[in-house]
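To start, the structure itself, in C-alpha coordinates.
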Amino acid sequence: MSEQPEHYFSEQPAVDDRERTVAFELDGVNYELTTSTGVFSGGRLDPGTSVLLNKVVPPEEAGTFLDLGCGYGPISAVLARREDAEVWAVDVNRRALDLARRNTAKAPGTVRVATPGEVPREVSFDEIWSNPPIKVGKEALHELLETWLPRLKPGGVAWLVVSKHLGADSLARWLAGAGWAVDKHASAKGYRVLKVEHGA
(Lines give C-alpha, C1' and ligand atoms only; values in the text may rest on other atoms or scores of the structure.)
Protein backbone atom coordinates (compact mmCIF):
# COMPACT_ATOMS: atom_id res chain seq x y z
CA MET A 1 0.00 0.00 0.00
CA SER A 2 1.42 3.38 -0.94
CA GLU A 3 2.05 6.03 1.71
CA GLN A 4 -0.09 9.14 1.70
CA PRO A 5 1.84 12.44 1.75
CA GLU A 6 -0.15 13.65 4.77
CA HIS A 7 1.72 11.22 6.99
CA TYR A 8 4.89 13.24 7.17
CA PHE A 9 2.90 16.33 8.25
CA SER A 10 1.50 14.36 11.20
CA GLU A 11 2.96 14.58 14.67
CA GLN A 12 2.55 10.82 15.08
CA PRO A 13 2.47 8.97 11.73
CA ALA A 14 -0.18 6.26 11.53
CA VAL A 15 1.78 3.97 9.22
CA ASP A 16 3.91 1.19 10.64
CA ASP A 17 7.52 2.07 11.36
CA ARG A 18 9.66 0.26 8.76
CA GLU A 19 13.25 1.46 8.82
CA ARG A 20 15.71 1.48 5.96
CA THR A 21 19.03 3.13 5.09
CA VAL A 22 19.64 6.04 2.73
CA ALA A 23 23.19 6.69 1.58
CA PHE A 24 24.59 9.64 -0.35
CA GLU A 25 27.93 11.33 -0.95
CA LEU A 26 28.66 15.05 -0.78
CA ASP A 27 32.01 16.80 -1.07
CA GLY A 28 33.88 13.56 -0.53
CA VAL A 29 31.95 12.64 2.61
CA ASN A 30 29.75 9.56 2.66
CA TYR A 31 26.52 9.77 4.65
CA GLU A 32 24.51 6.74 5.70
CA LEU A 33 21.28 7.69 7.45
CA THR A 34 18.41 5.70 8.90
CA THR A 35 14.97 6.62 7.63
CA SER A 36 11.52 5.07 7.86
CA THR A 37 7.98 5.03 6.61
CA GLY A 38 5.83 7.94 7.71
CA VAL A 39 8.55 10.55 7.20
CA PHE A 40 9.21 12.76 4.19
CA SER A 41 10.93 10.87 1.36
CA GLY A 42 11.48 7.88 3.59
CA GLY A 43 12.87 5.69 0.82
CA ARG A 44 15.59 7.89 -0.68
CA LEU A 45 17.30 11.25 -0.52
CA ASP A 46 14.61 13.55 -1.88
CA PRO A 47 15.68 15.07 -5.23
CA GLY A 48 14.89 18.59 -4.02
CA THR A 49 17.08 18.11 -0.95
CA SER A 50 19.81 16.71 -3.21
CA VAL A 51 19.64 19.80 -5.43
CA LEU A 52 19.82 22.09 -2.40
CA LEU A 53 22.83 20.29 -0.94
CA ASN A 54 24.64 20.22 -4.29
CA LYS A 55 23.93 23.80 -5.37
CA VAL A 56 24.60 25.68 -2.12
CA VAL A 57 27.97 25.78 -0.40
CA PRO A 58 27.64 24.73 3.26
CA PRO A 59 28.42 27.49 5.78
CA GLU A 60 32.10 28.39 5.79
CA GLU A 61 32.09 29.99 9.23
CA ALA A 62 30.81 29.15 12.69
CA GLY A 63 27.18 29.97 13.26
CA THR A 64 23.69 28.98 14.28
CA PHE A 65 21.71 27.28 11.54
CA LEU A 66 18.12 26.13 11.14
CA ASP A 67 17.09 23.04 9.20
CA LEU A 68 13.38 23.82 8.84
CA GLY A 69 11.33 20.69 8.21
CA CYS A 70 14.35 18.52 8.89
CA GLY A 71 12.74 15.12 8.27
CA TYR A 72 15.20 12.37 9.17
CA GLY A 73 18.05 14.86 9.10
CA PRO A 74 20.08 14.84 5.84
CA ILE A 75 20.52 18.62 5.76
CA SER A 76 21.31 18.75 9.48
CA ALA A 77 23.92 16.02 9.05
CA VAL A 78 25.66 18.09 6.36
CA LEU A 79 25.45 21.39 8.27
CA ALA A 80 26.83 19.70 11.40
CA ARG A 81 30.03 18.62 9.66
CA ARG A 82 31.58 21.76 11.17
CA GLU A 83 32.59 21.34 14.81
CA ASP A 84 31.67 24.99 15.47
CA ALA A 85 28.17 24.69 13.99
CA GLU A 86 25.03 24.82 16.10
CA VAL A 87 22.16 23.32 14.12
CA TRP A 88 18.50 23.39 15.09
CA ALA A 89 16.72 20.50 13.36
CA VAL A 90 13.01 21.34 13.48
CA ASP A 91 10.00 19.27 12.42
CA VAL A 92 6.48 18.47 13.62
CA ASN A 93 6.84 14.75 12.94
CA ARG A 94 8.01 12.93 16.08
CA ARG A 95 9.24 9.90 14.14
CA ALA A 96 11.32 12.16 11.91
CA LEU A 97 12.75 13.93 14.95
CA ASP A 98 13.77 10.63 16.54
CA LEU A 99 15.53 9.64 13.32
CA ALA A 100 17.22 13.04 12.97
CA ARG A 101 18.47 12.73 16.55
CA ARG A 102 19.96 9.32 15.80
CA ASN A 103 21.40 10.36 12.44
CA THR A 104 23.25 13.35 13.88
CA ALA A 105 24.27 11.88 17.24
CA LYS A 106 27.90 11.49 16.15
CA ALA A 107 28.12 14.66 14.07
CA PRO A 108 31.08 16.94 14.87
CA GLY A 109 28.80 19.94 15.39
CA THR A 110 26.00 20.47 17.90
CA VAL A 111 22.54 19.45 16.71
CA ARG A 112 19.47 20.41 18.71
CA VAL A 113 16.47 18.40 17.52
CA ALA A 114 13.17 20.06 18.37
CA THR A 115 9.54 20.68 17.54
CA PRO A 116 8.80 24.27 16.48
CA GLY A 117 7.52 25.13 19.96
CA GLU A 118 10.70 23.87 21.60
CA VAL A 119 12.98 26.43 19.95
CA PRO A 120 13.54 29.31 22.40
CA ARG A 121 12.17 32.60 21.10
CA GLU A 122 15.49 34.36 21.58
CA VAL A 123 17.34 32.03 19.19
CA SER A 124 18.13 33.60 15.82
CA PHE A 125 19.90 32.12 12.84
CA ASP A 126 22.79 32.90 10.53
CA GLU A 127 21.30 30.64 7.86
CA ILE A 128 18.04 28.79 7.33
CA TRP A 129 18.02 25.74 5.06
CA SER A 130 14.73 24.22 4.01
CA ASN A 131 13.00 21.98 1.54
CA PRO A 132 9.68 23.42 2.70
CA PRO A 133 6.47 21.35 2.81
CA ILE A 134 4.79 22.89 -0.23
CA LYS A 135 1.91 20.41 -0.11
CA VAL A 136 0.63 21.72 3.22
CA GLY A 137 -0.99 24.46 1.11
CA LYS A 138 -0.14 28.05 0.31
CA GLU A 139 -1.64 29.59 3.44
CA ALA A 140 0.13 27.21 5.82
CA LEU A 141 3.40 27.55 3.89
CA HIS A 142 3.26 31.34 4.04
CA GLU A 143 2.52 31.19 7.76
CA LEU A 144 5.52 28.89 8.25
CA LEU A 145 7.86 31.25 6.43
CA GLU A 146 6.41 34.33 8.14
CA THR A 147 7.20 32.64 11.45
CA TRP A 148 10.80 31.63 10.77
CA LEU A 149 12.32 34.02 8.21
CA PRO A 150 12.16 37.01 10.60
CA ARG A 151 14.43 35.03 12.92
CA LEU A 152 17.33 35.42 10.50
CA LYS A 153 20.09 37.56 11.95
CA PRO A 154 20.94 40.80 10.12
CA GLY A 155 22.97 39.70 7.12
CA GLY A 156 21.58 36.19 7.43
CA VAL A 157 20.36 34.14 4.49
CA ALA A 158 17.74 31.46 3.88
CA TRP A 159 18.09 28.78 1.22
CA LEU A 160 14.81 27.29 0.03
CA VAL A 161 14.43 24.58 -2.60
CA VAL A 162 11.06 24.37 -4.34
CA SER A 163 9.81 22.38 -7.31
CA LYS A 164 9.19 24.64 -10.30
CA HIS A 165 5.86 22.98 -11.09
CA LEU A 166 4.76 23.35 -7.45
CA GLY A 167 5.15 27.11 -7.51
CA ALA A 168 8.78 28.12 -6.98
CA ASP A 169 8.36 31.31 -8.99
CA SER A 170 5.08 32.31 -7.36
CA LEU A 171 6.67 31.76 -3.95
CA ALA A 172 9.58 33.98 -4.99
CA ARG A 173 7.11 36.71 -5.99
CA TRP A 174 5.24 36.39 -2.69
CA LEU A 175 8.47 36.63 -0.69
CA ALA A 176 9.55 39.71 -2.65
CA GLY A 177 6.14 41.26 -2.06
CA ALA A 178 6.57 40.61 1.66
CA GLY A 179 9.76 42.67 1.66
CA TRP A 180 12.43 39.99 1.30
CA ALA A 181 15.28 40.16 -1.17
CA VAL A 182 14.95 37.04 -3.32
CA ASP A 183 17.48 35.66 -5.80
CA LYS A 184 16.91 32.62 -7.98
CA HIS A 185 20.24 31.09 -7.02
CA ALA A 186 20.17 27.88 -9.04
CA SER A 187 17.94 25.49 -10.97
CA ALA A 188 18.32 21.75 -11.55
CA LYS A 189 16.17 18.67 -12.10
CA GLY A 190 12.91 20.63 -12.02
CA TYR A 191 13.77 22.46 -8.79
CA ARG A 192 14.72 26.03 -8.05
CA VAL A 193 16.91 27.15 -5.16
CA LEU A 194 15.87 30.53 -3.77
CA LYS A 195 18.26 32.70 -1.78
CA VAL A 196 16.27 34.86 0.64
CA GLU A 197 17.71 37.78 2.61
CA HIS A 198 16.48 40.79 4.53
CA GLY A 199 15.27 43.47 2.15
CA ALA A 200 16.81 46.92 1.95
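All residue names refer to the C-alpha coordinates as shown: chains lettered A, B, ... in order, residues numbered from 1 in each chain, ligands numbered from 1 in order.
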Could you please write out, as a VMD selection string, every residue of region 136-190 of chain A that DSSP assigns to alpha helix (DSSP H)?
chain A and resid 138 to 148 168 to 177
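The list of residues with at least one atom within 8 Å of Glu32 (chain A), based on only C-alpha atoms and without residues fewer than 2 positions apart in the same chain, reads Thr21, Val22, Ala23, Phe24, Asn30 and Thr34 of chain A.
The shortest atom-to-atom distance to Gly156 (chain A), with only C-alpha atoms taken into account, belongs to A:Lys195 out of A:Lys138, A:Lys195, A:Arg121, A:Lys189.
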For Leu152 (chain A), which of A:Gly63, A:Pro133, A:Pro108, A:Gly71 is the closest residue, counting only C-alpha atoms?
A:Gly63
So which residues of region 134-190 of chain A fall under strand (DSSP E or B) by DSSP, listed as a ChimeraX atom specification?
/A:152-163,180-188
Nearest candidate to Leu99 (chain A) (options A:Leu52, A:Val119, A:Leu33, A:Ala80; using only C-alpha atoms)
A:Leu33
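When the distance limit is 8 Å and only C-alpha atoms are what count, the residues near Ala158 (chain A), minus those fewer than 6 positions from it on the same chain, are Glu127, Ile128, Trp129, Ser130, Leu149, Leu152, Leu194, Lys195, Val196 and Glu197 of chain A.
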Surrounding residues of Leu145 (chain A) excluding itself and chain neighbours under 5 positions, 9 Å, only C-alpha atoms, as JSON, numbers by chain:
{"A": [132, 140, 150, 175]}
Would you mind exporting the chosen residues as an mmCIF file, in the first residue's frame, restricted to all heavy atoms?
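Generated output (part-v4.cif):
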data_model
loop_
_atom_site.group_PDB
_atom_site.id
_atom_site.type_symbol
_atom_site.label_atom_id
_atom_site.label_comp_id
_atom_site.auth_asym_id
_atom_site.auth_seq_id
_atom_site.Cartn_x
_atom_site.Cartn_y
_atom_site.Cartn_z
ATOM 1 N N PRO A 132 10.915 23.190 1.959
ATOM 2 C CA PRO A 132 9.677 23.415 2.704
ATOM 3 C C PRO A 132 8.527 22.527 2.229
ATOM 4 O O PRO A 132 8.488 22.107 1.070
ATOM 5 C CB PRO A 132 9.375 24.902 2.452
ATOM 6 C CG PRO A 132 10.062 25.214 1.161
ATOM 7 C CD PRO A 132 11.289 24.350 1.129
ATOM 8 N N ALA A 140 -0.695 27.773 4.765
ATOM 9 C CA ALA A 140 0.133 27.208 5.823
ATOM 10 C C ALA A 140 1.620 27.424 5.541
ATOM 11 O O ALA A 140 2.410 27.691 6.457
ATOM 12 C CB ALA A 140 -0.162 25.722 5.992
ATOM 13 N N PRO A 150 11.767 35.849 9.785
ATOM 14 C CA PRO A 150 12.156 37.011 10.599
ATOM 15 C C PRO A 150 13.187 36.685 11.681
ATOM 16 O O PRO A 150 13.746 37.609 12.286
ATOM 17 C CB PRO A 150 10.824 37.465 11.212
ATOM 18 C CG PRO A 150 9.780 36.982 10.260
ATOM 19 C CD PRO A 150 10.303 35.658 9.793
ATOM 20 N N LEU A 175 7.420 36.227 -1.634
ATOM 21 C CA LEU A 175 8.472 36.633 -0.692
ATOM 22 C C LEU A 175 8.943 38.059 -0.990
ATOM 23 O O LEU A 175 9.124 38.875 -0.076
ATOM 24 C CB LEU A 175 9.653 35.663 -0.778
ATOM 25 C CG LEU A 175 9.429 34.285 -0.164
ATOM 26 C CD1 LEU A 175 10.499 33.302 -0.645
ATOM 27 C CD2 LEU A 175 9.442 34.362 1.355
#
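Rounded to one decimal, CA of Arg102 (chain A) and CA of Val51 (chain A) lie 23.7 Å from each other.
Here CA of Glu60 (chain A) is placed at a distance of 12.2 Å from CA of Val78 (chain A).
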At a cut-off of 10 Å, using only C-alpha atoms, what residues contact Leu171 (chain A)? Leave out same-chain residues fewer than 3 positions from it and give the result as an NGL selection string.
:A and (134 or 138 or 141-142 or 162 or 164 or 166-168 or 174-177 or 182 or 194)
Can you spit out the residues from that selection as a PDB file, in the first residue's frame, using N, CA and C atoms?
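Saved to part16.pdb:
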ATOM      1  N   ILE A 134       5.672  22.159   0.679  1.00  0.00           N
ATOM      2  CA  ILE A 134       4.788  22.885  -0.235  1.00  0.00           C
ATOM      3  C   ILE A 134       3.358  22.338  -0.190  1.00  0.00           C
ATOM      4  N   LYS A 138      -0.767  26.739   0.387  1.00  0.00           N
ATOM      5  CA  LYS A 138      -0.137  28.054   0.310  1.00  0.00           C
ATOM      6  C   LYS A 138      -0.255  28.834   1.612  1.00  0.00           C
ATOM      7  N   LEU A 141       2.005  27.327   4.270  1.00  0.00           N
ATOM      8  CA  LEU A 141       3.396  27.553   3.894  1.00  0.00           C
ATOM      9  C   LEU A 141       3.796  28.996   4.174  1.00  0.00           C
ATOM     10  N   HIS A 142       2.953  29.936   3.791  1.00  0.00           N
ATOM     11  CA  HIS A 142       3.258  31.342   4.041  1.00  0.00           C
ATOM     12  C   HIS A 142       3.354  31.614   5.541  1.00  0.00           C
ATOM     13  N   VAL A 162      12.476  24.561  -4.028  1.00  0.00           N
ATOM     14  CA  VAL A 162      11.063  24.373  -4.339  1.00  0.00           C
ATOM     15  C   VAL A 162      10.943  23.861  -5.780  1.00  0.00           C
ATOM     16  N   LYS A 164       9.708  23.608  -9.408  1.00  0.00           N
ATOM     17  CA  LYS A 164       9.190  24.637 -10.301  1.00  0.00           C
ATOM     18  C   LYS A 164       7.701  24.444 -10.552  1.00  0.00           C
ATOM     19  N   LEU A 166       5.560  23.154  -8.669  1.00  0.00           N
ATOM     20  CA  LEU A 166       4.764  23.348  -7.451  1.00  0.00           C
ATOM     21  C   LEU A 166       4.818  24.791  -6.955  1.00  0.00           C
ATOM     22  N   GLY A 167       5.306  25.688  -7.816  1.00  0.00           N
ATOM     23  CA  GLY A 167       5.150  27.107  -7.508  1.00  0.00           C
ATOM     24  C   GLY A 167       6.380  27.838  -7.009  1.00  0.00           C
ATOM     25  N   ALA A 168       7.573  27.432  -7.431  1.00  0.00           N
ATOM     26  CA  ALA A 168       8.782  28.124  -6.980  1.00  0.00           C
ATOM     27  C   ALA A 168       8.752  29.606  -7.343  1.00  0.00           C
ATOM     28  N   TRP A 174       5.880  36.107  -3.983  1.00  0.00           N
ATOM     29  CA  TRP A 174       5.242  36.389  -2.694  1.00  0.00           C
ATOM     30  C   TRP A 174       6.276  36.879  -1.679  1.00  0.00           C
ATOM     31  N   LEU A 175       7.420  36.227  -1.634  1.00  0.00           N
ATOM     32  CA  LEU A 175       8.472  36.633  -0.692  1.00  0.00           C
ATOM     33  C   LEU A 175       8.943  38.059  -0.990  1.00  0.00           C
ATOM     34  N   ALA A 176       9.126  38.357  -2.274  1.00  0.00           N
ATOM     35  CA  ALA A 176       9.548  39.706  -2.651  1.00  0.00           C
ATOM     36  C   ALA A 176       8.493  40.732  -2.248  1.00  0.00           C
ATOM     37  N   GLY A 177       7.230  40.371  -2.446  1.00  0.00           N
ATOM     38  CA  GLY A 177       6.142  41.259  -2.061  1.00  0.00           C
ATOM     39  C   GLY A 177       6.060  41.475  -0.563  1.00  0.00           C
ATOM     40  N   VAL A 182      14.984  38.422  -2.827  1.00  0.00           N
ATOM     41  CA  VAL A 182      14.953  37.040  -3.319  1.00  0.00           C
ATOM     42  C   VAL A 182      15.780  36.926  -4.592  1.00  0.00           C
ATOM     43  N   LEU A 194      16.054  29.108  -4.025  1.00  0.00           N
ATOM     44  CA  LEU A 194      15.870  30.533  -3.765  1.00  0.00           C
ATOM     45  C   LEU A 194      16.773  30.979  -2.621  1.00  0.00           C
TER      46      LEU A 194
END
